[in-house]
>>> print(open('target.cif').read())   # mmCIF, C-alpha atoms
data_structure
loop_
_atom_site.label_atom_id
_atom_site.label_comp_id
_atom_site.auth_asym_id
_atom_site.auth_seq_id
_atom_site.Cartn_x
_atom_site.Cartn_y
_atom_site.Cartn_z
CA MET A 268 131.82 126.89 98.89
CA TYR A 269 130.14 123.49 98.75
CA SER A 270 131.22 120.68 101.02
CA GLU A 271 133.70 118.25 99.50
CA GLU A 272 131.42 115.45 100.65
CA ILE A 273 128.58 116.63 98.44
CA ASP A 274 130.10 116.70 94.97
CA GLN A 275 129.91 119.79 92.77
CA PRO A 276 127.16 118.44 90.46
CA GLY A 277 125.09 117.60 93.53
CA TYR A 278 125.60 121.09 94.92
CA ARG A 279 124.56 122.70 91.62
CA LEU A 280 121.38 120.64 91.70
CA ILE A 281 120.55 122.03 95.13
CA LEU A 282 120.90 125.58 93.75
CA ALA A 283 118.52 124.71 90.89
CA CYS A 284 115.56 124.77 93.31
CA ILE A 285 113.57 128.00 92.76
CA HIS A 286 111.33 127.44 95.83
CA CYS A 287 108.16 127.53 93.70
CA GLY A 288 106.30 125.06 95.92
CA PHE A 289 105.01 122.79 93.15
CA CYS A 290 106.50 119.87 95.10
CA LEU A 291 104.49 120.47 98.26
CA GLN A 292 101.21 118.75 97.49
CA ILE A 293 102.77 115.65 96.02
CA CYS A 294 105.03 115.12 99.06
CA PRO A 295 103.50 112.51 101.41
CA THR A 296 105.15 113.87 104.56
CA TYR A 297 104.15 117.47 103.83
CA ARG A 298 100.58 116.41 103.08
CA ALA A 299 100.43 114.52 106.38
CA LEU A 300 102.24 117.06 108.59
CA GLY A 301 101.98 120.42 106.80
CA MET A 302 105.46 121.47 108.00
CA GLU A 303 107.94 123.23 105.70
CA PRO A 304 111.01 121.26 106.92
CA ASP A 305 109.12 118.09 105.97
CA SER A 306 108.70 119.22 102.37
CA PRO A 307 111.23 118.76 99.55
CA ARG A 308 111.82 122.49 99.45
CA GLY A 309 112.41 122.66 103.19
CA ARG A 310 114.75 119.68 103.16
CA LEU A 311 116.78 121.30 100.39
CA TYR A 312 117.23 124.35 102.63
CA LEU A 313 118.60 122.08 105.36
CA ILE A 314 120.87 120.18 102.98
CA ARG A 315 122.21 123.39 101.43
CA ALA A 316 123.00 124.79 104.88
CA MET A 317 124.83 121.58 105.68
CA ALA A 318 126.73 121.63 102.36
CA GLU A 319 127.81 125.24 102.88
CA HIS A 320 128.73 124.63 106.53
CA LYS A 321 126.33 127.40 107.56
CA SER A 322 124.38 125.33 110.05
CA ARG A 323 125.07 122.45 112.39
CA MET A 324 122.91 119.39 112.05
CA THR A 325 120.63 119.06 115.06
CA VAL A 326 118.60 116.02 116.06
CA ASP A 327 115.53 117.73 114.59
CA SER A 328 117.31 118.44 111.30
CA VAL A 329 118.39 114.84 110.95
CA GLU A 330 114.82 113.72 111.70
CA HIS A 331 113.42 115.93 108.94
CA ILE A 332 115.89 114.55 106.42
CA TYR A 333 115.35 110.92 107.39
CA ARG A 334 111.58 111.34 107.54
CA CYS A 335 111.60 111.71 103.75
CA VAL A 336 110.13 108.68 101.94
CA VAL A 337 112.37 109.37 98.90
CA CYS A 338 109.37 108.72 96.68
CA ARG A 339 110.78 111.23 94.17
CA GLY A 340 107.33 112.55 93.33
CA CYS A 341 108.82 116.00 93.76
CA GLU A 342 111.12 115.29 90.81
CA THR A 343 108.11 114.74 88.56
CA ALA A 344 106.48 117.95 89.81
CA CYS A 345 109.63 120.09 89.72
CA PRO A 346 109.83 122.57 86.79
CA SER A 347 113.57 123.05 87.42
CA GLY A 348 114.54 119.39 87.14
CA VAL A 349 115.99 119.08 90.64
CA LYS A 350 117.16 115.49 91.14
CA PHE A 351 115.98 115.29 94.71
CA GLY A 352 116.55 111.56 95.16
CA TYR A 353 120.20 111.85 94.17
CA ILE A 354 120.69 114.83 96.49
CA MET A 355 119.00 113.02 99.38
CA ASP A 356 121.22 109.95 98.95
CA LEU A 357 124.34 112.16 99.05
CA ALA A 358 123.07 114.13 102.04
CA ARG A 359 122.32 111.02 104.09
CA ALA A 360 125.74 109.61 103.24
CA GLN A 361 127.33 112.82 104.48
CA LEU A 362 125.28 112.75 107.68
CA ILE A 363 126.53 109.25 108.41
CA ARG A 364 130.16 110.23 107.76
CA ASN A 365 129.95 113.35 109.91
CA HIS A 366 127.55 112.34 112.65
CA GLY A 367 127.36 108.55 112.58
CA LEU A 368 124.33 106.43 111.95
CA PRO A 369 121.05 107.73 113.39
CA LEU A 370 119.26 105.32 115.71
CA ARG A 371 116.86 104.12 113.00
CA SER A 372 119.78 103.15 110.76
CA ILE A 373 121.73 101.46 113.54
CA VAL A 374 118.76 99.19 114.19
CA THR A 375 117.33 98.71 110.73
CA MET A 376 120.51 98.60 108.68
CA ASN A 377 123.05 96.91 110.96
CA VAL A 378 120.56 94.50 112.51
CA GLY A 379 117.85 94.37 109.87
CA SER A 380 119.14 95.07 106.38
CA ASN A 381 122.69 93.80 106.70
CA ALA A 382 121.62 90.68 108.58
CA LEU A 383 118.46 89.95 106.61
CA VAL A 384 118.03 91.77 103.30
CA THR A 385 121.39 90.65 101.98
CA HIS A 386 120.93 87.08 103.23
CA LEU A 387 118.23 85.57 101.06
CA SER A 388 118.44 82.07 102.52
CA LEU A 389 117.61 83.38 105.99
CA LEU A 390 114.82 85.54 104.64
CA LYS A 391 113.30 82.55 102.84
CA ILE A 392 113.33 80.49 106.03
CA ILE A 393 111.56 83.27 107.92
CA SER A 394 109.01 83.80 105.13
CA THR A 395 108.30 80.08 104.85
CA PHE A 396 107.67 80.00 108.60
CA VAL A 397 105.31 83.02 108.27
CA ARG A 398 103.35 81.27 105.51
CA ALA A 399 103.08 78.17 107.70
CA CYS A 400 101.67 80.37 110.47
CA GLN A 401 99.26 81.93 108.00
CA LYS A 402 98.05 78.51 106.94
CA ILE A 403 97.00 77.62 110.48
CA GLY A 404 95.74 81.12 111.29
CA LEU A 405 98.35 82.22 113.84
CA THR A 406 99.11 85.50 112.05
CA ASN A 407 95.54 86.66 112.75
CA LEU A 408 96.68 87.24 116.34
CA VAL A 409 98.78 90.22 115.22
CA LYS A 410 95.69 92.42 114.89
CA HIS A 411 95.00 91.93 118.60
CA ALA A 412 98.55 92.82 119.67
CA PRO A 413 99.49 96.20 121.23
CA GLU A 414 100.03 99.00 118.71
CA THR A 415 103.81 98.83 119.09
CA LEU A 416 103.67 95.26 117.79
CA SER A 417 100.65 95.38 115.48
CA ARG A 418 102.47 97.83 113.20
CA PHE A 419 104.60 94.87 112.12
CA ASP A 420 101.61 93.55 110.18
CA PHE A 421 103.31 95.42 107.33
CA LEU A 422 105.73 92.50 107.19
CA ILE A 423 102.99 89.93 106.68
CA PRO A 424 102.42 89.44 102.93
CA PRO A 425 99.20 88.03 101.49
CA TYR A 426 98.92 84.26 101.75
CA SER A 427 99.26 82.53 98.39
CA GLY A 428 97.85 79.17 99.44
CA ARG A 429 101.15 77.32 99.57
CA VAL A 430 103.96 77.33 102.12
CA TYR A 431 107.13 76.24 100.33
CA TYR A 432 108.56 77.43 97.00
CA PRO A 433 111.59 75.65 95.51
CA GLU A 434 114.41 77.60 93.91
CA ILE A 435 113.88 79.31 90.57
CA PRO A 436 115.58 77.46 87.67
CA GLU A 437 118.71 79.30 86.57
CA ILE A 438 117.68 79.20 82.91
CA VAL A 439 114.11 78.96 81.60
CA PRO A 440 113.71 78.56 77.82
CA PRO A 441 111.34 80.70 75.76
CA MET A 442 108.10 79.42 74.31
CA GLY A 443 108.33 79.57 70.56
CA ASP A 444 111.03 81.53 68.77
CA LYS A 445 113.60 83.19 71.00
CA LYS A 446 113.41 86.99 70.88
CA CYS A 447 116.01 87.87 73.51
CA ARG A 448 117.91 86.73 76.58
CA VAL A 449 116.65 88.45 79.73
CA GLY A 450 118.40 88.59 83.08
CA PHE A 451 116.10 88.45 86.10
CA LEU A 452 116.98 90.04 89.43
CA HIS A 453 114.58 88.28 91.78
CA GLY A 454 115.23 90.61 94.71
CA CYS A 455 115.71 89.72 98.35
CA LEU A 456 112.43 90.47 100.10
CA MET A 457 110.58 89.97 96.83
CA GLU A 458 111.79 86.40 96.40
CA ALA A 459 111.27 85.62 100.08
CA SER A 460 107.88 87.28 100.60
CA PHE A 461 106.26 87.21 97.14
CA PRO A 462 107.78 84.17 95.41
CA TRP A 463 104.59 83.59 93.41
CA THR A 464 105.05 87.00 91.76
CA ASN A 465 108.59 86.15 90.68
CA ARG A 466 107.44 82.89 89.13
CA ALA A 467 104.60 84.67 87.35
CA MET A 468 107.19 87.09 85.98
CA ILE A 469 109.29 84.26 84.55
CA ARG A 470 106.28 82.55 82.97
CA VAL A 471 105.11 85.80 81.38
CA LEU A 472 108.58 86.54 79.99
CA ALA A 473 108.89 83.01 78.59
CA ALA A 474 105.44 83.30 77.01
CA ASN A 475 106.77 86.35 75.18
CA GLY A 476 109.79 84.61 73.66
CA CYS A 477 112.33 85.49 76.34
CA GLU A 478 115.02 83.12 77.55
CA VAL A 479 115.13 83.99 81.25
CA VAL A 480 118.41 83.79 83.18
CA THR A 481 118.39 84.07 86.99
CA PRO A 482 122.06 83.99 88.03
CA ARG A 483 122.79 82.23 91.31
CA GLU A 484 125.55 84.76 92.05
CA GLN A 485 123.24 87.77 92.20
CA ASN A 486 122.63 89.53 95.50
CA CYS A 487 120.69 92.48 96.96
CA CYS A 488 120.39 95.38 94.50
CA GLY A 489 121.60 97.80 97.21
CA ALA A 490 118.50 100.00 97.43
CA ALA A 491 118.13 99.85 101.21
CA ALA A 492 121.79 100.68 101.83
CA LEU A 493 121.83 103.44 99.21
CA HIS A 494 118.76 105.29 100.45
CA GLU A 495 119.88 105.08 104.08
CA GLY A 496 123.16 106.78 103.15
CA MET A 497 125.40 103.69 103.16
CA ARG A 498 126.82 104.28 99.67
CA GLU A 499 129.92 102.11 100.08
CA THR A 500 127.75 99.12 100.98
CA ALA A 501 125.55 99.84 97.94
CA LYS A 502 128.63 99.98 95.71
CA LYS A 503 129.87 96.59 96.92
CA LEU A 504 126.48 95.01 96.21
CA ALA A 505 126.33 96.68 92.78
CA ARG A 506 129.73 95.28 91.76
CA VAL A 507 128.61 91.73 92.58
CA ASN A 508 125.51 92.10 90.42
CA ILE A 509 127.46 93.63 87.55
CA GLU A 510 129.79 90.62 87.55
CA ALA A 511 126.89 88.16 87.74
CA PHE A 512 124.85 89.62 84.89
CA GLU A 513 127.89 90.24 82.68
CA ARG A 514 128.64 86.52 82.86
CA ALA A 515 125.02 85.80 81.94
CA GLN A 516 125.46 87.68 78.62
CA ILE A 517 121.98 89.20 78.66
CA ASP A 518 120.21 91.56 76.28
CA TYR A 519 117.91 93.06 78.94
CA LEU A 520 117.64 93.12 82.72
CA VAL A 521 114.35 93.14 84.64
CA ALA A 522 113.27 92.97 88.27
CA SER A 523 109.85 92.24 89.72
CA ALA A 524 110.20 95.08 92.27
CA ALA A 525 110.30 98.53 90.69
CA GLY A 526 112.56 99.74 93.51
CA CYS A 527 115.18 97.17 92.52
CA ALA A 528 114.95 98.16 88.86
CA ALA A 529 115.27 101.85 89.74
CA THR A 530 118.41 101.08 91.74
CA LEU A 531 119.86 99.01 88.89
CA GLU A 532 119.34 102.02 86.62
CA MET A 533 121.40 104.08 89.09
CA TYR A 534 124.46 101.82 88.98
CA GLY A 535 126.11 104.08 86.40
CA GLU A 536 125.76 107.05 88.75
CA ILE A 537 126.68 105.14 91.91
CA LEU A 538 129.94 103.85 90.39
CA LYS A 539 130.76 106.79 88.14
CA ASN A 540 134.11 107.38 89.89
CA ASP A 541 135.13 103.72 89.95
CA PRO A 542 137.83 103.24 87.29
CA GLU A 543 137.15 99.52 86.95
CA TYR A 544 133.37 99.47 87.07
CA SER A 545 132.10 102.86 85.84
CA LYS A 546 131.66 101.92 82.16
CA ARG A 547 130.47 98.42 83.01
CA ALA A 548 127.90 99.83 85.45
CA GLU A 549 126.59 102.27 82.86
CA ALA A 550 126.36 99.51 80.25
CA LEU A 551 124.31 97.32 82.59
CA SER A 552 122.07 100.23 83.58
CA GLN A 553 121.23 100.77 79.91
CA LYS A 554 119.83 97.23 79.72
CA VAL A 555 117.33 97.71 82.58
CA ARG A 556 113.66 97.69 81.65
CA ASP A 557 110.41 97.46 83.54
CA VAL A 558 108.55 94.36 82.42
CA SER A 559 105.81 96.52 80.83
CA GLU A 560 108.43 98.43 78.84
CA LEU A 561 110.12 95.24 77.71
CA LEU A 562 106.95 93.48 76.58
CA LEU A 563 105.87 96.42 74.46
CA GLU A 564 109.40 96.91 73.12
CA ILE A 565 109.86 93.32 71.89
CA GLY A 566 106.26 92.88 70.74
CA MET A 567 103.86 91.49 73.28
CA ASN A 568 102.20 88.11 72.83
CA THR A 569 98.48 88.91 72.57
CA ARG A 570 97.21 85.35 73.07
CA LEU A 571 95.46 86.33 76.29
CA GLY A 572 92.52 84.70 78.02
CA LYS A 573 89.57 86.52 79.57
CA LEU A 574 89.69 87.57 83.23
CA ASN A 575 86.47 89.55 83.92
CA ALA A 576 87.93 91.93 86.50
CA VAL A 577 87.63 95.60 87.45
CA VAL A 578 91.05 96.96 88.39
CA THR A 579 92.58 100.25 89.42
CA TYR A 580 96.24 101.16 89.08
CA HIS A 581 98.57 102.67 91.68
CA ASP A 582 101.63 104.40 90.23
CA SER A 583 104.38 102.96 92.41
CA CYS A 584 106.85 105.78 93.03
CA ALA A 585 109.94 103.81 91.99
CA LEU A 586 108.33 103.14 88.62
CA ALA A 587 106.48 106.38 87.88
CA HIS A 588 108.85 108.94 89.37
CA ALA A 589 112.23 107.21 89.41
CA GLN A 590 111.89 105.49 86.00
CA GLY A 591 109.24 107.63 84.31
CA VAL A 592 107.09 104.62 83.39
CA THR A 593 103.35 105.34 83.65
CA GLN A 594 101.54 104.55 80.41
CA GLN A 595 103.00 101.15 79.52
CA PRO A 596 101.36 99.25 82.43
CA ARG A 597 98.03 100.87 81.60
CA ARG A 598 98.33 99.90 77.95
CA ILE A 599 98.92 96.29 78.98
CA LEU A 600 96.03 96.27 81.45
CA ASN A 601 93.70 97.62 78.78
CA SER A 602 94.82 94.85 76.41
CA ILE A 603 93.73 92.01 78.72
CA PRO A 604 90.28 90.70 77.64
CA GLY A 605 87.62 91.28 80.28
CA VAL A 606 89.72 93.69 82.35
CA ARG A 607 88.25 97.14 82.94
CA LEU A 608 90.69 99.74 84.23
CA VAL A 609 89.14 102.46 86.40
CA GLU A 610 91.55 105.23 87.35
CA MET A 611 91.61 106.30 90.98
CA LYS A 612 91.98 109.91 92.09
CA ASP A 613 95.64 110.95 92.37
CA PRO A 614 97.07 107.60 91.26
CA ASP A 615 100.64 108.95 91.40
CA LEU A 616 100.60 109.96 95.05
CA CYS A 617 102.87 107.89 97.31
CA CYS A 618 101.21 105.26 99.52
CA GLY A 619 103.65 106.19 102.29
CA ALA A 620 105.60 102.96 102.60
CA GLY A 621 108.86 103.92 100.90
CA GLY A 622 112.18 103.23 102.57
CA LEU A 623 111.88 102.46 106.28
CA ASN A 624 109.13 104.96 107.02
CA TRP A 625 106.52 102.25 107.59
CA LEU A 626 108.55 101.33 110.70
CA THR A 627 110.00 104.65 111.86
CA GLN A 628 107.04 106.87 110.93
CA PRO A 629 104.00 104.57 111.25
CA ASP A 630 101.49 107.38 111.84
CA ILE A 631 102.49 109.17 108.64
CA THR A 632 102.45 105.91 106.68
CA ILE A 633 98.99 104.91 107.90
CA GLU A 634 97.54 108.38 107.21
CA THR A 635 99.00 108.42 103.69
CA LEU A 636 97.78 104.87 103.06
CA ARG A 637 94.32 105.78 104.31
CA MET A 638 94.06 108.47 101.62
CA LYS A 639 95.23 106.05 98.91
CA LEU A 640 92.82 103.31 100.00
CA LYS A 641 89.92 105.75 100.02
CA ASN A 642 90.70 106.72 96.43
CA ALA A 643 91.20 103.11 95.36
CA ALA A 644 88.01 101.86 97.02
CA ALA A 645 85.98 104.63 95.38
CA THR A 646 86.64 103.05 91.98
CA GLY A 647 84.77 99.87 92.91
CA ALA A 648 87.73 97.79 91.71
CA SER A 649 88.37 94.28 92.96
CA PHE A 650 92.11 94.58 92.34
CA VAL A 651 94.64 97.37 92.87
CA VAL A 652 97.67 96.83 90.64
CA VAL A 653 101.09 97.74 92.04
CA ALA A 654 104.69 97.45 90.84
CA ASN A 655 106.85 97.65 93.94
CA LEU A 656 107.43 95.62 97.09
CA PRO A 657 106.62 98.29 99.75
CA CYS A 658 103.41 99.20 97.92
CA TYR A 659 102.39 95.53 97.82
CA PHE A 660 103.02 95.14 101.54
CA ASN A 661 101.31 98.43 102.39
CA PHE A 662 98.13 97.86 100.37
CA ALA A 663 97.89 94.31 101.72
CA ARG A 664 98.17 95.68 105.25
CA GLY A 665 95.55 98.38 104.57
CA VAL A 666 93.09 95.94 103.03
CA ARG A 667 93.39 93.74 106.13
CA ARG A 668 93.13 96.60 108.61
CA PHE A 669 90.12 98.26 107.02
CA ALA A 670 88.42 95.05 105.79
CA LEU A 671 88.20 96.21 102.17
CA LYS A 672 86.95 93.97 99.38
CA MET A 673 90.00 94.58 97.26
CA LYS A 674 93.18 92.64 96.57
CA PRO A 675 96.62 94.07 95.71
CA VAL A 676 98.32 92.31 92.79
CA HIS A 677 101.38 92.82 90.64
CA LEU A 678 100.82 93.45 86.92
CA VAL A 679 102.51 90.16 85.99
CA GLU A 680 100.12 88.21 88.21
CA LEU A 681 97.17 89.36 86.09
CA LEU A 682 99.09 88.68 82.87
CA ASP A 683 100.08 85.24 84.14
CA GLU A 684 96.47 84.35 84.88
CA SER A 685 95.38 85.66 81.50
CA TYR A 686 97.99 83.61 79.65
CA LYS A 687 96.91 80.52 81.61
CA ASN A 688 93.29 81.12 80.60
CA GLY A 689 94.44 81.52 77.01
CA GLY A 690 96.15 78.14 77.08
CA ARG A 691 99.55 79.67 76.45
CA TYR A 692 101.77 77.66 78.81
CA SER A 693 102.66 74.58 76.83
CA VAL A 694 106.40 74.22 77.42
CA LYS A 695 107.16 71.83 80.29
CA ALA A 696 110.04 73.92 81.69
CA VAL A 697 107.61 76.84 82.04
CA SER A 698 104.44 75.08 83.11
CA ASP A 699 106.36 73.26 85.85
CA ILE A 700 107.64 76.44 87.54
CA PRO A 701 105.98 76.28 90.99
#
>>> encode(input="target.cif", output="structure tokens")
Amino acid sequence: MYSEEIDQPGYRLILACIHCGFCLQICPTYRALGMEPDSPRGRLYLIRAMAEHKSRMTVDSVEHIYRCVVCRGCETACPSGVKFGYIMDLARAQLIRNHGLPLRSIVTMNVGSNALVTHLSLLKIISTFVRACQKIGLTNLVKHAPETLSRFDFLIPPYSGRVYYPEIPEIVPPMGDKKCRVGFLHGCLMEASFPWTNRAMIRVLAANGCEVVTPREQNCCGAAALHEGMRETAKKLARVNIEAFERAQIDYLVASAAGCAATLEMYGEILKNDPEYSKRAEALSQKVRDVSELLLEIGMNTRLGKLNAVVTYHDSCALAHAQGVTQQPRRILNSIPGVRLVEMKDPDLCCGAGGLNWLTQPDITIETLRMKLKNAAATGASFVVVANLPCYFNFARGVRRFALKMKPVHLVELLDESYKNGGRYSVKAVSDIP
């Protein structure tokens, strides 16, 4: 009999695994370590034993389960449709209830995520300070620090050339005729560490006839809490966002980080047993779109300027595997004048930075990133296009470490530059967004 803490649908999904092994070669931890317990199939064995009360969770078992990046590449490869990400979230929640938080979660969630990720104002102060240090060159000292400290170069984003970014306007009008009203979840780390990407997103949406609403009441999407097993915390954060975007009366909801958008799409599942919020959560989830999906759905503005750039595209896991979006970004890249898209080998393999693995499993992350960078560099591209925050951080770190002549960028950054070159930004409210 399944454990009451893993619900019956979750237990049935575990039984759907036929142990075929198609998931092995797409799993970043299995590729790096070659150990069965560090594969999706092996982890399902452990989770099933836990659900059936056939095995006690040892320190090693917990390590195998928390070593998972939750990239969900195995879901794409699985012929049986096993929803591995959903199962992993439930399993980690059960581990926390039964055994307490593992050390990594005590440190990173109670000290890190709860104190930082959900407090945007503090994050922005820290990020502004980091950019000030970048401007005068102090962050270059990190590369000379001991390995235990130099791994934190993951937290240093690229330098945009400016230190301070004022708050995003709550409402930005469309350019030309209004097509729709779009809610924008700016994210926590995304707004603090990559504010220029968020502003590019708003300009691109406005250039495509979207009225963009960025509610002040929004908060963290809940991804970090959810994937670490802290489902009640994720539910609380989800309810706040549902209230905020309901008041905004939006037609669509987008986020600049694919991980945030993937979590927003899961609100219906996260709150399915909440009598007050279940239907409201599902309704909001149905409005979520990746920016590439939305632009093609509403009819993209093709007044684009020339860029003259060779790019390659990395399928960020939260977009490709969690949301099933792969072709839309490529269609948009191919539509930009002067841009030549060169596909890298294995573009859908994880870069290794998902969740907290960059911190708790640095050797695995670096080895996985090394493989991705080798494939990206082989294309001869000057830009590698990403869609998620950890990927952006990880590629930026890899480019610095290995001195590659390549720059990671978000899709909207290229579109933003193209629209600027095409003379598209003529509305003051849009052109003045810093």
>>> resolve_selection(input="target.cif", expression="the PyMOL selection byres ((chain A and resi 571) around 7)", output="count of residues only")
9
>>> closest_residue(input="target.cif", among="A:Asn624, A:Asn540, A:Gln292, A:Thr464", to="Pro675 (chain A)", atoms="all atoms listed in the file")
A:Thr464
>>> residues_around(input="target.cif", residues="region 435-447 of chain A", least_positions_apart="4", cutoff="6 Å", atoms="only C-alpha atoms", output="PDB file with C-alpha atoms, keeping the file's coordinate frame")
ATOM      1  CA  ALA A 473     108.890  83.010  78.590  1.00  0.00           C
ATOM      2  CA  ALA A 474     105.440  83.300  77.010  1.00  0.00           C
ATOM      3  CA  GLY A 476     109.790  84.610  73.660  1.00  0.00           C
ATOM      4  CA  CYS A 477     112.330  85.490  76.340  1.00  0.00           C
ATOM      5  CA  GLU A 478     115.020  83.120  77.550  1.00  0.00           C
ATOM      6  CA  VAL A 479     115.130  83.990  81.250  1.00  0.00           C
ATOM      7  CA  VAL A 480     118.410  83.790  83.180  1.00  0.00           C
ATOM      8  CA  THR A 481     118.390  84.070  86.990  1.00  0.00           C
ATOM      9  CA  PRO A 482     122.060  83.990  88.030  1.00  0.00           C
TER      10      PRO A 482
END
>>> resolve_selection(input="target.cif", expression="the PyMOL selection byres ((chain A and resi 517-530) around 8)", output="NGL selection string")
:A and (447-454 or 457 or 464-465 or 468 or 480 or 488-490 or 512-513 or 515-516 or 531-534 or 551 or 554-558 or 583 or 585-586 or 589-590 or 654-656)
>>> atom_distance(input="target.cif", atom1="CA of His386 (chain A)", atom2="CA of Pro433 (chain A)")
16.7 Å
>>> atom_distance(input="target.cif", atom1="CA of Ala492 (chain A)", atom2="CA of Tyr431 (chain A)")
28.5 Å
>>> build_atoms(input="target.cif", residues="region 455-470 of chain A", atoms="N, CA and C atoms", output="compact mmCIF listing (two decimals), in the coordinates of the input")
# COMPACT_ATOMS: atom_id res chain seq x y z
N CYS A 455 115.55 90.42 97.08
CA CYS A 455 115.71 89.72 98.35
C CYS A 455 114.36 89.49 99.02
N LEU A 456 113.75 90.58 99.48
CA LEU A 456 112.43 90.47 100.10
C LEU A 456 111.39 90.00 99.10
N MET A 457 111.56 90.36 97.83
CA MET A 457 110.58 89.97 96.83
C MET A 457 110.56 88.45 96.67
N GLU A 458 111.73 87.84 96.58
CA GLU A 458 111.79 86.40 96.40
C GLU A 458 111.36 85.67 97.67
N ALA A 459 111.65 86.26 98.82
CA ALA A 459 111.27 85.62 100.08
C ALA A 459 109.78 85.78 100.37
N SER A 460 109.24 86.99 100.17
CA SER A 460 107.88 87.28 100.60
C SER A 460 106.83 87.12 99.51
N PHE A 461 107.21 87.33 98.25
CA PHE A 461 106.26 87.21 97.14
C PHE A 461 106.82 86.30 96.05
N PRO A 462 107.17 85.07 96.40
CA PRO A 462 107.78 84.17 95.41
C PRO A 462 106.84 83.85 94.25
N TRP A 463 105.54 83.87 94.49
CA TRP A 463 104.59 83.59 93.41
C TRP A 463 104.64 84.68 92.34
N THR A 464 104.93 85.91 92.74
CA THR A 464 105.05 87.00 91.76
C THR A 464 106.26 86.80 90.88
N ASN A 465 107.38 86.40 91.47
CA ASN A 465 108.59 86.15 90.68
C ASN A 465 108.37 85.03 89.67
N ARG A 466 107.67 83.99 90.06
CA ARG A 466 107.44 82.89 89.13
C ARG A 466 106.45 83.29 88.04
N ALA A 467 105.50 84.13 88.38
CA ALA A 467 104.60 84.67 87.35
C ALA A 467 105.39 85.51 86.34
N MET A 468 106.35 86.28 86.85
CA MET A 468 107.19 87.09 85.98
C MET A 468 107.93 86.23 84.96
N ILE A 469 108.52 85.14 85.44
CA ILE A 469 109.29 84.26 84.55
C ILE A 469 108.38 83.62 83.51
N ARG A 470 107.21 83.16 83.92
CA ARG A 470 106.28 82.55 82.97
C ARG A 470 105.84 83.54 81.91
